[in-house]
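Visitor: Dropping a structure here in structure tokens format, bear with me for questions.
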2 protein chains.
Amino acid sequence: MIEPSSGDRSVTLKDLARRLGLHPSTVSRVLHSGEESARGAASTGTAERVREMAARLGYSRDPQAMGLRTGRTQLLGVIVPRLSDLVLATMFEGMEEAAAEADHSIFVMNSRDDLVLQRQKAEIMIARRVDGLILGDAHLDGTLLADLTERGVPFVLVNRRIPGYPSATCDDGLGGELVADHLWERGHRVVAVIAGEPYASTAIDRTQGFVDRWRELGGDLPPEAIVWSRFDTVGGRDAAEAILGDDRRHPTAIFAVNDFAAIGAMGALHSRGLAAGKDVAVVGFNDTSLAAHLPISLSSVRSPMLEIGRSAVRLMLGVLDGRAVESVRLAPTLSVRESSA
Amino acid sequence: MIEPSSGDRSVTLKDLARRLGLHPSTVSRVLHSGEESARGAASTGTAERVREMAARLGYSRDPQAMGLRTGRTQLLGVIVPRLSDLVLATMFEGMEEAAAEADHSIFVMNSRDDLVLQRQKAEIMIARRVDGLILGDAHLDGTLLADLTERGVPFVLVNRRIPGYPSATCDDGLGGELVADHLWERGHRVVAVIAGEPYASTAIDRTQGFVDRWRELGGDLPPEAIVWSRFDTVGGRDAAEAILGDDRRHPTAIFAVNDFAAIGAMGALHSRGLAAGKDVAVVGFNDTSLAAHLPISLSSVRSPMLEIGRSAVRLMLGVLDGRAVESVRLAPTLSVRESSA
DNA sequence: CTGAAAGCGCTTACAG
DNA sequence: CTGAAAGCGCTTACAG
């Protein structure tokens, strides 16, 4: 364990108390009681002296000891499919900020969207005594959430939602609608959807939002125009191959529910000598930092990822405080670029 | 704090001891002494009974209490510029694996390559009593490392190196050489380098490796052909604009020390009606999962990111054990694709 | 306004 | 082979 002070040993409450001729409990009250009760903790003079000494010696409270005593570690566990996914990495940055502001620290682990790993990581975090779990890899068909609920483990969801549990997500349905409106306006009538993984609410909601709106507009969209796929570049490429290989139908536009899948689709078009944006419009989702700067810039639905991350932490802290919390769904916007202009 | 057991309260050593008619210290010795000393910890029969009961009641050691007592939290702090960078995110996955195998947990924070934030995050981690720090954002001109050394904070570097400190990195110089050899063989004689940020060893070493080898081969490479830039897509685009805008020199190949910068450069080419791979060759670095699947697939130097992450944890554990450790430099390979075929 | 005690869950010499 | 004690650093009713 690293000693926070510059000396050889960490400064403790006892050290402070000895130097001040006070009892450790008094020092503790001055330094660590909440704002309200701090007033009655000690005389103004004493409090002043304590704070001065603490600053001078570089006192820093030991979180292990505090956790042991209070039963609250101020540790939040975050589980995501993979941090190398720009979307989750960005949400994580938001969580980190919000947690730091509330004096909490965050533990994050990857589950690779694997149900076994997901459970394993959750157990590791629980063994570490995190106060609660923020799950970014909720599967619509999983049983983890029910089990956690039964065990009384506090948690909230981020990025993906499951009805009945508190979550912070993008309004994915609305995002799908925006894309439908846009493509319809641009005159497209034969379209296809690269729909993502059917166990993720993001995939379901974005696809559903698009489809519902498309039909509302009077558009036709047969089931075979919707292709489920992995969320990555390879998944998008494969799905696009399937779509373009169908000779009965030649879509003039493709909506991929994820930027990486969209990039894969652009690759498939390129392989067939088709130009994204000219021959076939492509729209992605998330507006990752890449989208605007691709050789052919990608139209994409921008979801407020940082803010979603921050909201997830707020929800979590609310749950831990025993408050009733409401799920948050943040509105996305559409950035139109060369790929669908 | 979440209670690990399914009951309302966590099972403690004391609980186990009471049920077994033993003293908690005996239970502790059986369950937690190292393999060697465990033999003498209790009679075979007792040990058996203890382990059985622990399993039955779902005992899980409290890390806070253990940390408080032993002074080792089994917590490692990791600081990276940004987790949304695929490179660091992937190295982090390697670190996570290696740490889990050694029963350690990892804390990770973003510093955005900002020297102030870097210090701030380090302090937060130290205040959390991590056993050591793994730094992925070392600046060649920073003073943090010297300060940490003086304070006796154990740390190692990952991804970027600084002479004199233990680090786990790619052999970036060799990577640059591979690119020089490749472009020379393909007949290019007028080339340019998008060199990255001059405070990062990755940028320096990759550029230096390329330049040295290029001159060794008899190539010419004036200083103005080397453009320093940010590591992201926008940085690469801007740098490429500068390179292509120079009328005295028309490079037939561009080496970008980072895939994202390379993608930005491809965008700049596209804007000028030039095709990457046909009109101007482009080579990136890191071979991120995107590279192979871009519309025009990108040649890139593949660095063993997962393994670099794992090595960093091994180094860290070595340092914590008081062993003398050697820096690790892992060899990269070149993947040639359409952009420079 | 301040002190003294008890205890969170664990480990580790020290006895026997 | 097992027990008993002490203590890691903190907080929190309870006195006074």
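Chain labels A, B, ... are given in the sequence in which chains occur in the structure tokens; within each chain residues are numbered consecutively from 1, and ligands are likewise numbered from 1 in the order shown.
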Counting only C-alpha atoms (C1' of nucleotides), which residues in chain D sit no more than 9 Å from chain C? For each one, give the nearest pair of atoms and the distance in Å, sorted by chain then residue number, as CSV.
Guide:
```
residue,atom,partner,partner_atom,distance
D:DG3,C1',C:DA15,C1',8.7
D:DA4,C1',C:DA15,C1',8.8
D:DC8,C1',C:DC10,C1',9.0
D:DC10,C1',C:DC8,C1',9.0
D:DA15,C1',C:DG3,C1',8.7
D:DG16,C1',C:DG3,C1',8.8
```
Visitor: Find the residues of chain B in contact range of chain C, meaning any atom within 9 Å when counting only C-alpha atoms (C1' of nucleotides), and list them as a ChimeraX atom specification.
Guide: /B:12-14,25,28-29,61-70
Visitor: Residues as selected, N, CA and C atoms, written as an mmCIF file, in the first residue's frame, can you do that?
Guide:
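Result file result22.cif:
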```
data_model
loop_
_atom_site.group_PDB
_atom_site.id
_atom_site.type_symbol
_atom_site.label_atom_id
_atom_site.label_comp_id
_atom_site.auth_asym_id
_atom_site.auth_seq_id
_atom_site.Cartn_x
_atom_site.Cartn_y
_atom_site.Cartn_z
ATOM 1 N N THR B 12 -18.425 -13.964 8.249
ATOM 2 C CA THR B 12 -17.067 -13.576 8.641
ATOM 3 C C THR B 12 -16.297 -14.776 9.188
ATOM 4 N N LEU B 13 -15.037 -14.574 9.408
ATOM 5 C CA LEU B 13 -14.211 -15.618 10.004
ATOM 6 C C LEU B 13 -14.779 -16.022 11.357
ATOM 7 N N LYS B 14 -15.253 -15.027 12.068
ATOM 8 C CA LYS B 14 -15.800 -15.290 13.391
ATOM 9 C C LYS B 14 -17.007 -16.236 13.297
ATOM 10 N N SER B 25 -8.544 -17.215 14.464
ATOM 11 C CA SER B 25 -7.181 -17.205 13.924
ATOM 12 C C SER B 25 -6.869 -18.520 13.221
ATOM 13 N N SER B 28 -8.538 -18.443 9.883
ATOM 14 C CA SER B 28 -7.785 -17.548 8.995
ATOM 15 C C SER B 28 -6.572 -18.266 8.430
ATOM 16 N N ARG B 29 -5.837 -18.956 9.309
ATOM 17 C CA ARG B 29 -4.636 -19.640 8.847
ATOM 18 C C ARG B 29 -4.958 -20.683 7.787
ATOM 19 N N ARG B 61 -13.557 -13.380 1.870
ATOM 20 C CA ARG B 61 -12.726 -12.509 2.702
ATOM 21 C C ARG B 61 -12.995 -11.039 2.419
ATOM 22 N N ASP B 62 -13.029 -10.246 3.435
ATOM 23 C CA ASP B 62 -13.241 -8.812 3.261
ATOM 24 C C ASP B 62 -11.910 -8.139 2.915
ATOM 25 N N PRO B 63 -11.826 -7.602 1.697
ATOM 26 C CA PRO B 63 -10.557 -7.014 1.261
ATOM 27 C C PRO B 63 -10.216 -5.742 2.039
ATOM 28 N N GLN B 64 -11.232 -5.034 2.495
ATOM 29 C CA GLN B 64 -10.964 -3.817 3.274
ATOM 30 C C GLN B 64 -10.225 -4.188 4.550
ATOM 31 N N ALA B 65 -10.764 -5.171 5.237
ATOM 32 C CA ALA B 65 -10.177 -5.578 6.511
ATOM 33 C C ALA B 65 -8.773 -6.133 6.302
ATOM 34 N N MET B 66 -8.647 -6.942 5.271
ATOM 35 C CA MET B 66 -7.337 -7.505 4.999
ATOM 36 C C MET B 66 -6.340 -6.400 4.666
ATOM 37 N N GLY B 67 -6.773 -5.461 3.828
ATOM 38 C CA GLY B 67 -5.894 -4.370 3.445
ATOM 39 C C GLY B 67 -5.464 -3.557 4.658
ATOM 40 N N LEU B 68 -6.415 -3.319 5.516
ATOM 41 C CA LEU B 68 -6.130 -2.523 6.712
ATOM 42 C C LEU B 68 -5.055 -3.205 7.554
ATOM 43 N N ARG B 69 -5.204 -4.482 7.668
ATOM 44 C CA ARG B 69 -4.298 -5.237 8.523
ATOM 45 C C ARG B 69 -2.917 -5.440 7.876
ATOM 46 N N THR B 70 -2.904 -5.787 6.605
ATOM 47 C CA THR B 70 -1.636 -6.166 5.971
ATOM 48 C C THR B 70 -0.924 -5.009 5.268
#
```
Visitor: Can you list, as a VMD selection string, every residue of stretch 90-251 of chain A that DSSP puts in alpha helix (DSSP H)?
Guide: chain A and resid 90 to 101 115 to 127 144 to 151 172 to 185 201 to 216 233 to 245
Visitor: What is the atom CA of A:Asp232-atom CA of A:Gly196 distance in Å, reported with one decimal?
Guide: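 Computing the Euclidean distance for atom CA of A:Asp232 and atom CA of A:Gly196 yields 8.9 Å.
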Visitor: Could you state the separation of atom CA of B:Asp259 and atom CA of A:Ser84 in Å, given to one decimal place?
Guide: 14.5 Å
Visitor: Between atom CA of B:Gly164 and atom CA of B:Val325, what is the distance, to one decimal in Å?
Guide: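 Atom CA of B:Val325 lies at a distance of 11.5 Å from atom CA of B:Gly164.
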Visitor: Enumerate as JSON, numbers by chain the residues belonging to chain B that approach chain A to within 7 Å, with only C-alpha atoms taken into account.
Guide: {"B": [1, 2, 4, 6, 60, 63, 64, 65, 67, 68, 71, 72, 73, 83, 84, 86, 89, 90, 106, 107, 126, 127, 128, 129, 130, 131, 132, 151, 153, 233, 234, 263, 264, 266, 267, 270, 290, 293, 294, 295]}
Visitor: Please produce a file of the residues just selected, as a short mmCIF file (atom, residue, chain, number, x, y, z; two decimals), in the first residue's frame, where the atoms kept are N, CA and C atoms.
Guide:
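Contents of selection23.cif, as written:
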```
data_model
loop_
_atom_site.label_atom_id
_atom_site.label_comp_id
_atom_site.auth_asym_id
_atom_site.auth_seq_id
_atom_site.Cartn_x
_atom_site.Cartn_y
_atom_site.Cartn_z
N MET B 1 -22.20 -1.07 1.22
CA MET B 1 -21.37 -2.20 0.79
C MET B 1 -22.25 -3.42 0.56
N ILE B 2 -22.04 -4.08 -0.55
CA ILE B 2 -22.84 -5.25 -0.86
C ILE B 2 -22.38 -6.41 0.01
N PRO B 4 -21.70 -10.15 0.32
CA PRO B 4 -21.46 -11.22 -0.65
C PRO B 4 -22.35 -12.45 -0.44
N SER B 6 -25.71 -14.72 0.35
CA SER B 6 -27.08 -14.52 -0.08
C SER B 6 -27.96 -14.11 1.10
N SER B 60 -16.47 -15.10 1.99
CA SER B 60 -15.59 -14.35 1.09
C SER B 60 -14.85 -13.32 1.92
N PRO B 63 -11.83 -7.60 1.70
CA PRO B 63 -10.56 -7.01 1.26
C PRO B 63 -10.22 -5.74 2.04
N GLN B 64 -11.23 -5.03 2.50
CA GLN B 64 -10.96 -3.82 3.27
C GLN B 64 -10.23 -4.19 4.55
N ALA B 65 -10.76 -5.17 5.24
CA ALA B 65 -10.18 -5.58 6.51
C ALA B 65 -8.77 -6.13 6.30
N GLY B 67 -6.77 -5.46 3.83
CA GLY B 67 -5.89 -4.37 3.44
C GLY B 67 -5.46 -3.56 4.66
N LEU B 68 -6.42 -3.32 5.52
CA LEU B 68 -6.13 -2.52 6.71
C LEU B 68 -5.05 -3.21 7.55
N GLY B 71 -1.64 -3.95 5.00
CA GLY B 71 -1.01 -2.86 4.29
C GLY B 71 -0.89 -3.09 2.79
N ARG B 72 -1.58 -4.13 2.30
CA ARG B 72 -1.58 -4.40 0.85
C ARG B 72 -3.02 -4.48 0.40
N THR B 73 -3.41 -3.64 -0.54
CA THR B 73 -4.81 -3.63 -0.95
C THR B 73 -5.08 -4.54 -2.15
N LEU B 83 -9.47 6.08 -22.36
CA LEU B 83 -9.87 4.70 -22.57
C LEU B 83 -10.60 4.55 -23.89
N SER B 84 -11.09 5.65 -24.43
CA SER B 84 -11.80 5.56 -25.70
C SER B 84 -10.80 5.38 -26.84
N LEU B 86 -8.67 3.01 -28.71
CA LEU B 86 -8.67 1.56 -28.86
C LEU B 86 -7.38 0.92 -28.37
N ALA B 89 -7.36 0.87 -24.58
CA ALA B 89 -8.46 0.03 -24.12
C ALA B 89 -8.07 -1.44 -24.26
N THR B 90 -7.38 -1.76 -25.36
CA THR B 90 -6.99 -3.14 -25.57
C THR B 90 -5.88 -3.55 -24.59
N ILE B 106 -8.09 -3.79 -10.64
CA ILE B 106 -7.55 -2.62 -11.31
C ILE B 106 -8.53 -1.47 -11.33
N PHE B 107 -8.00 -0.35 -10.99
CA PHE B 107 -8.62 0.94 -11.05
C PHE B 107 -8.11 1.68 -12.24
N ILE B 126 -3.60 7.21 -5.16
CA ILE B 126 -2.76 7.04 -3.97
C ILE B 126 -3.63 7.16 -2.72
N ALA B 127 -4.57 8.09 -2.76
CA ALA B 127 -5.47 8.24 -1.62
C ALA B 127 -6.31 6.98 -1.42
N ARG B 128 -6.56 6.27 -2.50
CA ARG B 128 -7.31 5.01 -2.42
C ARG B 128 -6.41 3.88 -1.94
N ARG B 129 -5.13 4.18 -1.77
CA ARG B 129 -4.17 3.20 -1.27
C ARG B 129 -3.89 2.06 -2.24
N VAL B 130 -3.83 2.37 -3.53
CA VAL B 130 -3.40 1.33 -4.46
C VAL B 130 -1.98 0.90 -4.10
N ASP B 131 -1.66 -0.34 -4.45
CA ASP B 131 -0.32 -0.84 -4.13
C ASP B 131 0.72 -0.24 -5.08
N GLY B 132 0.29 0.06 -6.28
CA GLY B 132 1.23 0.62 -7.26
C GLY B 132 0.47 1.22 -8.43
N ARG B 151 8.83 10.01 -3.66
CA ARG B 151 7.87 9.68 -2.60
C ARG B 151 7.81 8.18 -2.33
N VAL B 153 6.62 5.89 -4.33
CA VAL B 153 5.44 5.25 -4.91
C VAL B 153 5.89 4.29 -6.00
N THR B 233 -7.97 11.43 -35.48
CA THR B 233 -8.33 11.56 -36.88
C THR B 233 -8.14 12.99 -37.37
N VAL B 234 -8.58 13.95 -36.58
CA VAL B 234 -8.45 15.34 -36.98
C VAL B 234 -6.98 15.73 -37.13
N ILE B 263 -6.24 7.31 -40.80
CA ILE B 263 -7.60 7.43 -41.33
C ILE B 263 -7.89 8.89 -41.68
N GLY B 264 -7.44 9.80 -40.83
CA GLY B 264 -7.60 11.22 -41.12
C GLY B 264 -6.86 11.60 -42.41
N MET B 266 -6.25 9.62 -44.92
CA MET B 266 -7.01 9.07 -46.04
C MET B 266 -8.17 10.01 -46.38
N GLY B 267 -8.74 10.59 -45.36
CA GLY B 267 -9.82 11.54 -45.58
C GLY B 267 -9.33 12.75 -46.36
N HIS B 270 -8.88 11.83 -49.96
CA HIS B 270 -10.20 11.72 -50.59
C HIS B 270 -10.73 13.10 -50.98
N LEU B 290 -10.23 -1.79 -36.72
CA LEU B 290 -10.81 -1.08 -37.85
C LEU B 290 -10.00 -1.25 -39.14
N HIS B 293 -10.78 -3.39 -42.02
CA HIS B 293 -12.16 -3.37 -42.52
C HIS B 293 -12.62 -2.03 -43.03
N LEU B 294 -11.70 -1.12 -43.22
CA LEU B 294 -12.06 0.16 -43.81
C LEU B 294 -12.40 -0.05 -45.28
N PRO B 295 -13.17 0.86 -45.85
CA PRO B 295 -13.49 0.76 -47.28
C PRO B 295 -12.22 0.50 -48.10
#
```
Visitor: Any idea what's packed within 10 Å of stretch 175-189 of chain A, counting only C-alpha atoms (C1' of nucleotides), ignoring anything in its chain fewer than 6 positions away? Could you give it as a tab-separated table (two decimals) with C-alpha atoms, in the first residue's frame?
Guide:
```tsv
chain	number	residue	atom	x	y	z
A	203	ALA	CA	-30.40	-2.89	-31.33
A	204	ILE	CA	-34.06	-3.66	-30.75
A	205	ASP	CA	-35.12	-0.11	-29.98
A	206	ARG	CA	-33.23	1.54	-32.83
A	207	THR	CA	-34.53	-0.98	-35.32
A	208	GLN	CA	-38.06	-0.82	-33.97
A	209	GLY	CA	-38.05	2.98	-34.00
A	210	PHE	CA	-36.92	2.99	-37.60
A	211	VAL	CA	-39.35	0.34	-38.76
A	212	ASP	CA	-42.38	1.80	-37.02
A	213	ARG	CA	-41.72	5.24	-38.42
A	214	TRP	CA	-40.96	3.93	-41.89
A	215	ARG	CA	-44.28	2.12	-42.06
A	216	GLU	CA	-46.03	5.15	-40.62
A	217	LEU	CA	-44.64	7.15	-43.53
A	218	GLY	CA	-46.15	4.59	-45.89
A	219	GLY	CA	-42.91	2.77	-46.58
A	220	ASP	CA	-42.56	-0.90	-47.26
A	221	LEU	CA	-40.09	-2.93	-45.22
A	251	PRO	CA	-31.84	-1.01	-51.43
A	252	THR	CA	-30.74	2.55	-52.06
A	253	ALA	CA	-30.08	3.12	-48.37
A	254	ILE	CA	-28.82	1.15	-45.38
A	255	PHE	CA	-29.31	2.03	-41.73
A	256	ALA	CA	-26.79	0.38	-39.43
A	257	VAL	CA	-27.57	0.68	-35.72
A	280	VAL	CA	-26.16	3.65	-51.63
A	281	ALA	CA	-26.78	5.89	-48.65
A	282	VAL	CA	-25.43	4.72	-45.29
A	283	VAL	CA	-26.38	5.98	-41.85
A	284	GLY	CA	-24.78	4.84	-38.60
A	285	PHE	CA	-25.48	5.33	-34.93
A	286	ASN	CA	-23.50	6.95	-32.07
A	299	SER	CA	-24.07	10.28	-41.29
A	300	SER	CA	-24.83	9.15	-37.79
A	301	VAL	CA	-27.19	9.56	-34.89
A	302	ARG	CA	-25.40	11.38	-32.11
A	303	SER	CA	-26.17	10.04	-28.67
A	331	ALA	CA	-32.64	12.46	-26.81
A	332	PRO	CA	-30.27	11.92	-29.74
A	333	THR	CA	-29.80	14.12	-32.81
A	334	LEU	CA	-28.94	13.25	-36.40
A	335	SER	CA	-25.74	14.46	-38.06
A	336	VAL	CA	-26.14	14.29	-41.81
A	340	SER	CA	-26.37	10.08	-47.04
A	341	ALA	CA	-26.41	13.68	-48.24
```
